[in-house]
$ cat target_17.pdb   # PDB, C-alpha atoms
ATOM      1  CA  MET A   1      41.094  88.309-125.278
ATOM      2  CA  ARG A   2      37.709  87.854-126.934
ATOM      3  CA  PHE A   3      34.463  87.789-124.942
ATOM      4  CA  ASP A   4      31.248  86.052-125.929
ATOM      5  CA  PRO A   5      28.159  88.305-126.304
ATOM      6  CA  VAL A   6      27.092  87.881-122.652
ATOM      7  CA  GLY A   7      30.578  88.056-121.123
ATOM      8  CA  GLU A   8      30.533  84.525-119.670
ATOM      9  CA  ARG A   9      33.135  82.902-121.901
ATOM     10  CA  ILE A  10      36.454  84.075-123.248
ATOM     11  CA  SER A  11      38.892  83.078-125.976
ATOM     12  CA  LEU A  12      42.620  83.704-125.610
ATOM     13  CA  VAL A  13      44.778  85.174-128.358
ATOM     14  CA  ASP A  14      48.542  85.108-127.787
ATOM     15  CA  GLU A  15      50.991  87.923-128.478
ATOM     16  CA  LYS A  16      51.553  86.547-132.011
ATOM     17  CA  GLY A  17      47.874  86.910-132.856
ATOM     18  CA  GLU A  18      47.253  83.147-132.718
ATOM     19  CA  VAL A  19      43.983  81.973-131.143
ATOM     20  CA  ILE A  20      44.639  79.417-128.383
ATOM     21  CA  ASP A  21      41.893  76.796-128.539
ATOM     22  CA  ASP A  22      39.649  76.305-125.520
ATOM     23  CA  ASP A  23      41.318  73.059-124.362
ATOM     24  CA  ARG A  24      44.777  74.658-124.407
ATOM     25  CA  SER A  25      43.483  77.880-122.818
ATOM     26  CA  LEU A  26      42.155  75.868-119.900
ATOM     27  CA  LEU A  27      45.548  74.196-119.412
ATOM     28  CA  VAL A  28      47.289  77.587-119.519
ATOM     29  CA  PHE A  29      44.928  78.871-116.825
ATOM     30  CA  LEU A  30      45.418  75.736-114.710
ATOM     31  CA  ASP A  31      49.185  76.000-114.930
ATOM     32  CA  LEU A  32      49.173  79.638-113.847
ATOM     33  CA  VAL A  33      46.633  79.261-111.027
ATOM     34  CA  ALA A  34      48.233  76.080-109.640
ATOM     35  CA  ALA A  35      51.745  77.581-109.799
ATOM     36  CA  GLU A  36      50.576  80.614-107.823
ATOM     37  CA  ARG A  37      48.432  78.848-105.195
ATOM     38  CA  ARG A  38      50.385  75.547-104.781
ATOM     39  CA  ALA A  39      47.521  73.991-102.804
ATOM     40  CA  GLY A  40      43.815  73.407-103.099
ATOM     41  CA  ARG A  41      41.586  71.873-105.721
ATOM     42  CA  ILE A  42      40.507  72.736-109.268
ATOM     43  CA  ALA A  43      37.104  71.586-110.576
ATOM     44  CA  LEU A  44      36.922  70.307-114.151
ATOM     45  CA  PRO A  45      34.423  68.290-116.217
ATOM     46  CA  VAL A  46      35.344  64.714-117.151
ATOM     47  CA  THR A  47      35.725  65.759-120.797
ATOM     48  CA  THR A  48      38.958  67.603-119.936
ATOM     49  CA  THR A  49      42.260  66.050-120.981
ATOM     50  CA  ARG A  50      44.044  64.247-118.144
ATOM     51  CA  ILE A  51      47.077  66.409-118.827
ATOM     52  CA  ALA A  52      45.260  68.770-116.466
ATOM     53  CA  GLU A  53      46.139  66.358-113.639
ATOM     54  CA  GLN A  54      49.806  66.388-114.645
ATOM     55  CA  VAL A  55      49.885  70.182-114.784
ATOM     56  CA  THR A  56      48.191  70.706-111.429
ATOM     57  CA  ALA A  57      49.934  67.825-109.599
ATOM     58  CA  PHE A  58      53.303  69.340-110.536
ATOM     59  CA  HIS A  59      52.322  72.330-108.381
ATOM     60  CA  GLY A  60      50.697  70.324-105.561
ATOM     61  CA  VAL A  61      47.094  71.021-106.615
ATOM     62  CA  GLN A  62      44.394  68.352-107.028
ATOM     63  CA  VAL A  63      41.651  67.986-109.645
ATOM     64  CA  ARG A  64      38.043  67.350-108.707
ATOM     65  CA  TRP A  65      36.245  65.776-111.671
ATOM     66  CA  THR A  66      32.628  66.795-112.259
ATOM     67  CA  THR A  67      29.933  65.905-114.750
ATOM     68  CA  THR A  68      29.484  68.121-117.801
ATOM     69  CA  SER A  69      26.523  69.854-116.126
ATOM     70  CA  PRO A  70      27.148  73.593-115.469
ATOM     71  CA  ASP A  71      25.295  73.193-112.143
ATOM     72  CA  ASP A  72      27.672  70.428-111.051
ATOM     73  CA  LEU A  73      30.687  72.580-111.930
ATOM     74  CA  ALA A  74      29.215  75.534-109.999
ATOM     75  CA  LYS A  75      28.602  73.338-106.927
ATOM     76  CA  ALA A  76      32.168  72.042-107.049
ATOM     77  CA  ALA A  77      33.486  75.602-107.424
ATOM     78  CA  ALA A  78      31.579  76.590-104.261
ATOM     79  CA  GLU A  79      33.198  73.859-102.141
ATOM     80  CA  ASP A  80      35.818  74.816 -99.572
ATOM     81  CA  GLY A  81      39.315  74.421-100.948
ATOM     82  CA  THR A  82      38.367  74.982-104.593
ATOM     83  CA  ILE A  83      40.666  77.605-106.093
ATOM     84  CA  PHE A  84      39.490  77.552-109.717
ATOM     85  CA  ALA A  85      37.108  75.853-112.149
ATOM     86  CA  GLY A  86      36.773  75.690-115.910
ATOM     87  CA  ASP A  87      34.410  73.995-118.335
ATOM     88  CA  GLY A  88      36.812  73.506-121.256
ATOM     89  CA  ARG A  89      34.651  75.682-123.513
ATOM     90  CA  GLY A  90      36.002  79.090-122.548
ATOM     91  CA  GLY A  91      34.056  79.303-119.286
ATOM     92  CA  TYR A  92      35.971  79.936-116.059
ATOM     93  CA  VAL A  93      34.996  80.314-112.418
ATOM     94  CA  THR A  94      37.134  82.330-110.020
ATOM     95  CA  PRO A  95      35.714  81.347-106.598
ATOM     96  CA  GLU A  96      37.161  84.403-104.862
ATOM     97  CA  ALA A  97      34.780  86.495-107.002
ATOM     98  CA  HIS A  98      31.764  84.123-107.187
ATOM     99  CA  THR A  99      30.826  80.608-108.297
ATOM    100  CA  THR A 100      29.405  81.211-111.770
ATOM    101  CA  LEU A 101      31.069  81.547-115.166
ATOM    102  CA  ASP A 102      32.406  85.083-115.527
ATOM    103  CA  GLY A 103      34.585  86.182-118.437
ATOM    104  CA  ILE A 104      35.416  89.568-116.896
ATOM    105  CA  ALA A 105      36.634  88.034-113.609
ATOM    106  CA  ALA A 106      38.635  85.428-115.572
ATOM    107  CA  PHE A 107      40.216  88.175-117.685
ATOM    108  CA  ILE A 108      41.266  90.152-114.609
ATOM    109  CA  ARG A 109      42.664  87.017-112.977
ATOM    110  CA  LEU A 110      44.580  86.023-116.112
ATOM    111  CA  VAL A 111      46.159  89.451-116.593
ATOM    112  CA  GLY A 112      47.544  89.363-113.039
ATOM    113  CA  LEU A 113      48.793  85.789-113.360
ATOM    114  CA  VAL A 114      50.556  86.382-116.677
ATOM    115  CA  ALA A 115      52.104  89.646-115.472
ATOM    116  CA  ARG A 116      53.659  87.916-112.460
ATOM    117  CA  THR A 117      55.259  85.168-114.586
ATOM    118  CA  HIS A 118      57.099  87.588-116.909
ATOM    119  CA  LEU A 119      56.310  85.118-119.720
ATOM    120  CA  THR A 120      54.173  85.489-122.813
ATOM    121  CA  LEU A 121      51.058  83.389-123.392
ATOM    122  CA  SER A 122      52.801  81.449-126.175
ATOM    123  CA  GLN A 123      55.719  80.641-123.831
ATOM    124  CA  ILE A 124      53.334  79.419-121.129
ATOM    125  CA  ASP A 125      51.408  77.347-123.676
ATOM    126  CA  ALA A 126      54.639  75.845-125.067
ATOM    127  CA  ARG A 127      55.728  74.435-121.703
ATOM    128  CA  ILE A 128      52.543  72.350-121.283
ATOM    129  CA  PRO A 129      52.440  68.835-122.826
ATOM    130  CA  ARG A 130      50.054  68.294-125.715
ATOM    131  CA  ALA A 131      47.448  65.589-126.078
ATOM    132  CA  GLU A 132      45.703  64.457-129.209
ATOM    133  CA  ILE A 133      41.996  64.786-128.368
ATOM    134  CA  GLN A 134      39.370  63.940-130.943
ATOM    135  CA  ARG A 135      35.644  64.474-130.617
ATOM    136  CA  ARG A 136      32.785  63.029-132.599
ATOM    137  CA  ASP A 137      29.012  63.076-132.276
ATOM    138  CA  VAL A 138      27.236  59.878-133.293
ATOM    139  CA  PRO A 139      23.486  59.911-134.039
ATOM    140  CA  THR A 140      21.846  57.497-131.575
ATOM    141  CA  PRO A 141      18.108  56.763-131.376
ATOM    142  CA  TRP A 142      16.704  57.398-127.902
ATOM    143  CA  ALA A 143      15.661  53.767-127.550
ATOM    144  CA  ALA A 144      19.234  52.583-128.234
ATOM    145  CA  LYS A 145      21.122  54.825-125.790
ATOM    146  CA  GLY A 146      20.887  52.438-122.826
ATOM    147  CA  MET A 147      21.930  49.485-124.949
ATOM    148  CA  VAL A 148      24.931  51.432-126.291
ATOM    149  CA  MET A 149      26.161  52.199-122.771
ATOM    150  CA  ARG A 150      25.695  48.577-121.641
ATOM    151  CA  CYS A 151      27.638  47.344-124.677
ATOM    152  CA  VAL A 152      30.464  49.798-123.910
ATOM    153  CA  VAL A 153      30.748  48.567-120.315
ATOM    154  CA  GLU A 154      30.728  44.927-121.433
ATOM    155  CA  ALA A 155      33.267  45.531-124.205
ATOM    156  CA  ALA A 156      35.610  47.337-121.786
ATOM    157  CA  GLY A 157      36.436  44.042-120.109
ATOM    158  CA  ASP A 158      38.992  44.528-117.338
ATOM    159  CA  ARG A 159      39.977  48.064-118.384
ATOM    160  CA  THR A 160      39.555  50.884-115.853
ATOM    161  CA  LEU A 161      36.135  52.572-115.998
ATOM    162  CA  ASP A 162      35.184  56.037-114.776
ATOM    163  CA  THR A 163      31.428  56.643-114.577
ATOM    164  CA  THR A 164      31.441  60.214-113.232
ATOM    165  CA  ASP A 165      29.505  61.214-116.354
ATOM    166  CA  GLY A 166      28.903  58.712-119.128
ATOM    167  CA  VAL A 167      31.566  55.991-119.295
ATOM    168  CA  ARG A 168      35.267  56.696-119.696
ATOM    169  CA  VAL A 169      37.331  53.630-120.606
ATOM    170  CA  VAL A 170      41.015  53.944-119.739
ATOM    171  CA  GLU A 171      43.842  51.920-121.292
ATOM    172  CA  SER A 172      46.939  51.009-119.274
ATOM    173  CA  ASP A 173      49.104  53.381-121.375
ATOM    174  CA  GLY A 174      46.927  56.412-120.559
ATOM    175  CA  ARG A 175      44.799  56.505-123.696
ATOM    176  CA  TRP A 176      41.068  56.797-123.050
ATOM    177  CA  VAL A 177      37.691  57.207-124.680
ATOM    178  CA  LEU A 178      34.639  58.853-123.113
ATOM    179  CA  ILE A 179      31.154  57.873-124.261
ATOM    180  CA  LEU A 180      28.508  60.356-123.130
ATOM    181  CA  PRO A 181      24.856  60.233-124.223
ATOM    182  CA  ASP A 182      23.390  63.670-124.818
ATOM    183  CA  PRO A 183      20.549  64.427-122.363
ATOM    184  CA  ALA A 184      18.542  66.498-124.854
ATOM    185  CA  GLU A 185      19.293  65.148-128.329
ATOM    186  CA  ALA A 186      19.409  61.752-130.046
ATOM    187  CA  VAL A 187      23.201  61.863-130.082
ATOM    188  CA  THR A 188      26.077  60.194-128.246
ATOM    189  CA  HIS A 189      29.228  62.266-127.748
ATOM    190  CA  LEU A 190      32.627  60.579-128.019
ATOM    191  CA  TRP A 191      35.975  61.940-126.857
ATOM    192  CA  ARG A 192      39.194  60.076-127.596
ATOM    193  CA  LYS A 193      42.648  60.804-126.185
ATOM    194  CA  ALA A 194      45.771  59.376-127.801
ATOM    195  CA  ARG A 195      49.229  59.222-126.259
ATOM    196  CA  THR A 196      50.626  62.447-124.861
ATOM    197  CA  ARG A 197      53.256  64.234-126.881
ATOM    198  CA  ARG A 198      55.497  67.168-126.122
ATOM    199  CA  PRO A 199      54.990  70.438-128.048
TER     200      PRO A 199
END
$ encode --input "target_17.pdb" --output "structure tokens"
Amino acid sequence: MRFDPVGERISLVDEKGEVIDDDRSLLVFLDLVAAERRAGRIALPVTTTRIAEQVTAFHGVQVRWTTTSPDDLAKAAAEDGTIFAGDGRGGYVTPEAHTTLDGIAAFIRLVGLVARTHLTLSQIDARIPRAEIQRRDVPTPWAAKGMVMRCVVEAAGDRTLDTTDGVRVVESDGRWVLILPDPAEAVTHLWRKARTRRP
């Protein structure tokens, strides 16, 4: 386990010395927490792969989607019935400790969860489906941001739209793209998910 300088975020390294990227680490955590609790709700930002829903639903746990705002994630983590939260960038909330990102509490929770499974981190990671997620930042003048979002909604046609944060356009086969204007910079963030594949 690696901690960031202030102890809020962690990075996982498996028993082979391989760094598990933040998206996969979140899925590993979700799988372990959901398998242990088998009820409740996990709070995640809309930028998280929808494989998270598959992983948690398998164990009878629901996902509550939040915006990408840390405050929104913290509020969702404080709600009754929330058993875990993660931001997809190495930040985790263990509500039984408190409702803010805490790398030390996440580390302690993870050690107990892994010990009870009698599996290694690489074995836990290997049993979770993989998704091809791509991310790109596109420079966007401030004056054009509203027009970009309107054009996205119009171009989506009859596809499913999720407007929890930005606009996520969902295809019937499960592929999706999320368009999210940055609140502080002249940039629009794009996330794209291709078809799910097994490891």
$ residues_near_point --input "target_17.pdb" --point "(46.6, 86.8, -113.2)" --cutoff "12 Å" --atoms "all atoms listed in the file" --output "list in words"
Val28, Phe29, Leu30, Asp31, Leu32, Val33, Ala34, Ala35, Glu36, Arg37, Thr94, Ala105, Ala106, Phe107, Ile108, Arg109, Leu110, Val111, Gly112, Leu113, Val114, Ala115, Arg116, Thr117, His118, Leu119 and Leu121 of chain A
$ resolve_selection --input "target_17.pdb" --expression "the PyMOL selection byres ((chain A and resi 97) around 12)" --output "PyMOL selection string"
chain A and resi 77-78+83-84+92-96+98-106+108-109
$ atom_distance --input "target_17.pdb" --atom1 "atom CA of A:Pro45" --atom2 "atom CA of A:Gly86"
7.8 Å
$ closest_atom_pairs --input "target_17.pdb" --of "stretch 85-195 of chain A" --to "stretch 49-63 of chain A" --cutoff "9 Å" --atoms "all atoms listed in the file" --output "JSON lines"
{"residue": "A:Ile128", "atom": "CA", "partner": "A:Val55", "partner_atom": "CA", "distance": 7.3}
{"residue": "A:Pro129", "atom": "CA", "partner": "A:Ile51", "partner_atom": "CA", "distance": 7.1}
{"residue": "A:Arg130", "atom": "CA", "partner": "A:Ile51", "partner_atom": "CA", "distance": 7.7}
{"residue": "A:Ala131", "atom": "CA", "partner": "A:Thr49", "partner_atom": "CA", "distance": 7.3}
{"residue": "A:Ile133", "atom": "CA", "partner": "A:Thr49", "partner_atom": "CA", "distance": 7.5}
{"residue": "A:Gly174", "atom": "CA", "partner": "A:Arg50", "partner_atom": "CA", "distance": 8.7}
{"residue": "A:Lys193", "atom": "CA", "partner": "A:Thr49", "partner_atom": "CA", "distance": 7.4}
$ resolve_selection --input "target_17.pdb" --expression "the PyMOL selection byres ((chain A and resi 125) around 9)" --output "PyMOL selection string"
chain A and resi 20+24-25+27-28+120-124+126-129+199
$ write_last_selection --input "target_17.pdb" --atoms "C-alpha atoms" --output "CSV table (one decimal), keeping the file's coordinate frame"
chain,number,residue,atom,x,y,z
A,20,ILE,CA,44.6,79.4,-128.4
A,24,ARG,CA,44.8,74.7,-124.4
A,25,SER,CA,43.5,77.9,-122.8
A,27,LEU,CA,45.5,74.2,-119.4
A,28,VAL,CA,47.3,77.6,-119.5
A,120,THR,CA,54.2,85.5,-122.8
A,121,LEU,CA,51.1,83.4,-123.4
A,122,SER,CA,52.8,81.4,-126.2
A,123,GLN,CA,55.7,80.6,-123.8
A,124,ILE,CA,53.3,79.4,-121.1
A,126,ALA,CA,54.6,75.8,-125.1
A,127,ARG,CA,55.7,74.4,-121.7
A,128,ILE,CA,52.5,72.4,-121.3
A,129,PRO,CA,52.4,68.8,-122.8
A,199,PRO,CA,55.0,70.4,-128.0
